[in-house]
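Q: Attaching a single structure in structure tokens format; questions to follow.
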Amino acid sequence: MKEDRLRTIRYIRIPDTIKAEGEGFSIDPDKRIPVQLPQGASSLRKEDISLEAIISGMLTVIAYDEGNQDFQYFRSFVLAADPTLPEKLNQAAIAKEQQKDYDFAEELFLAVYHLLPQSASCINLATLYSYIAVDARDRKDDKKETENLLNTRHTLQDGLKRFGENAEILSELASFEAYMGNLEEAKDYLERYLSVAEEGEKKEEMKSLLKRISMQLENDEEIKEAYDAIMLGNNSKAIEAASKFIEKNPKVWNGFFLRAWALRKDGRYSDAKKDLLECIKLGESSSDIYNELSICELEEGNRELAKTYLESAADLDPENLTVLSNLAYLYLGDGQLDEAREYLEKARYISGDDKIISSLIEEYEKTSGEKIGELIHEEIVHNDDDDDGYQAELAEIAKDAEEHHCHHHHEHEGDCCCHDHS
């Protein structure tokens, strides 16, 4: 967009007929000034040169080329020609944004921000980028969504460089990072905001947001501690950390799952099952939960119930190698060879040369006397004439603190089975 717009500019010596005088400003006849080409034109004719075309050209440079050596001269020129121009551009930008003419709105908001830098114009521009990101997400345009989320952050960070510890910009950055799920960064911006913000309803809202984020970070630390302890084989420490989390968050399933995992690894199968069933009661149904339940039931001698739980896990996640291999293991051990082969075929297609699956296949072939043939991979030929529809959707932005997101300023201002889950 930037390069395309700057290519529509031509530079000339200013004609004697053009006047733009203001307090502290006079035209420099030696300066080459930008003129906007008429739409669709590739060259400039004498009759195309007007004050309107010059101001339009200067605004494009002001928007997209702030490092231009004559930037300050162009800025003074347009403000001398019309001191109310920033407000007019701001209103036009808002209208274009509402019409979803985002390219034009961006140029106008950039021009306002560079013409008259203020926290309000910075936030308006950042908000536009956040709207473009949401629109791109809805259209499954991952690249454009990511680009404009970065633009949102960079614009607000640029505002801090220009205006220092500005309360409004710090507030927007805190809300943006919370919205993105970056809670440590959000907490830092919130603390900085609270140190400079005036008392009022907005400050009280941000205090509440900081309290929620701090609690979430504390909870995350306990969850991380429990997970790390399980990975290190310290089940008692994991159970303690998960229990602390559950005490504070009795309606959150994650704590119950981690405690159940540690309890199962500690051999406390009955207690583990209670926590796993609590996860389901709280509305969470995942293949990991049912896989853990199957391991507990198997350890207590309930093989049929163990298989039932694994079947539920396979329904939830048909390509979960852990579940498929555990089902194949159980069916093979119980002599149910048709079922065992079904899951071995599925698992082999997903796993390729996985050693555990290869070992189970060898056992199946010895037991059944049948040979499972070589794995055949289908080759998909892609038609170069049809490249649409192959973009993957980026994970949905976390909705934390959504009510605080940017707003416009419209004014100037398994152990016994073959695979355990990981």
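Letters A, B, ... mark the chains of the structure tokens in the order given; residue numbers begin at 1 per chain; ligand numbers begin at 1, in order shown.
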What lies within 7 Å of Leu156 in chain A using only C-alpha atoms, ignoring chain neighbours under 2 positions off, as a list in words?

A: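 The contact residues come out as Cys122, Ile123, Ala126, Thr152, Arg153, His154, Asp158, Gly159, Leu160, Ile169 and Leu173 of chain A.
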
Q: Given the selection you just returned, output its residues as a file containing C-alpha atoms, formatted as a PDB file, in the first residue's frame.

A:
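Generated file (result33.pdb):
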```
ATOM      1  CA  CYS A 122      -2.118   7.320  17.980  1.00  0.00           C
ATOM      2  CA  ILE A 123      -4.928   5.295  19.579  1.00  0.00           C
ATOM      3  CA  ALA A 126      -3.929   1.502  16.496  1.00  0.00           C
ATOM      4  CA  THR A 152      -1.465  -2.306  16.494  1.00  0.00           C
ATOM      5  CA  ARG A 153       1.303  -3.047  18.989  1.00  0.00           C
ATOM      6  CA  HIS A 154       3.977  -1.073  17.122  1.00  0.00           C
ATOM      7  CA  ASP A 158       5.561   4.346  19.000  1.00  0.00           C
ATOM      8  CA  GLY A 159       3.112   6.509  20.933  1.00  0.00           C
ATOM      9  CA  LEU A 160       4.960   5.790  24.169  1.00  0.00           C
ATOM     10  CA  ILE A 169      -1.630   4.661  25.610  1.00  0.00           C
ATOM     11  CA  LEU A 173      -1.258  -1.446  25.477  1.00  0.00           C
TER      12      LEU A 173
END
```

Q: Just how far from CA of Ala262 in chain A is CA of Asn234 in chain A, in Å to one decimal?

A: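 Between CA of Asn234 in chain A and CA of Ala262 in chain A the gap works out to 8.4 Å.
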
Q: Find the residue from A:Leu293, A:Leu190, A:Ala242, A:Leu125 that sits nearest to Glu221 in chain A; use only C-alpha atoms when measuring.

A: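 Ranking A:Leu293, A:Leu190, A:Ala242, A:Leu125 by distance to Glu221 in chain A, first place goes to A:Ala242.
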
Q: Figure out the distance between CA of Phe257 in chain A and CA of Leu276 in chain A, please, to one decimal in Å.

A: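 Straight-line distance from CA of Leu276 in chain A to CA of Phe257 in chain A works out to 5.9 Å.
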
Q: Separation of CA of Ile295 in chain A and CA of Thr322 in chain A, in Å?

A: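 Calculated distance between CA of Ile295 in chain A and CA of Thr322 in chain A is 11.7 Å.
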
Q: Given the choices A:Arg259, A:Arg212, A:Arg192, A:Lys161, which gets closest to Ser119 in chain A if the distance is worked out from only C-alpha atoms?

A: A:Lys161

Q: Using only C-alpha atoms for the distances, tell me which of A:Cys279, A:Ala229, A:Leu305, A:Ala197 is nearest to Glu168 in chain A.

A: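 Going through A:Cys279, A:Ala229, A:Leu305, A:Ala197 one by one, the smallest distance to Glu168 in chain A is for A:Ala197.
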
Q: Might you pull out every residue within 7 Å of Ile14 in chain A, with only C-alpha atoms counted and same-chain residues fewer than 6 positions away left off, and present them as a list in words?

A: Pro29, Arg32 and Ile33 of chain A

Q: Could you check the closest approach to Lys207 in chain A for each of A:Leu337, A:Ile223, A:Leu108, A:Leu194 and tell me which residue wins, using only C-alpha atoms?

A: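 Closest to Lys207 in chain A of all the choices is A:Leu194.
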
Q: In terms of the shortest atom-to-atom distance over only C-alpha atoms, which of A:Leu150, A:Glu205, A:Asp142, A:Asn182 is closest to Ser130 in chain A?

A: A:Leu150

Q: Taking 5 positions as the minimum chain separation for residues in the same chain, which residues sit within 10 Å of Leu37 in chain A when counting only C-alpha atoms? Answer as an MDAnalysis selection string.

A: chainID A and resid 7:10 42:45 48:49 53:54 56:57

Q: Could you write out, as a PyMOL selection string, all the residues of range 162-330 of chain A that DSSP marks as helix (DSSP H, G or I)?

A: chain A and resi 162-163+167-179+183-196+201-231+235-248+253-265+269-281+287-299+303-316+321-330
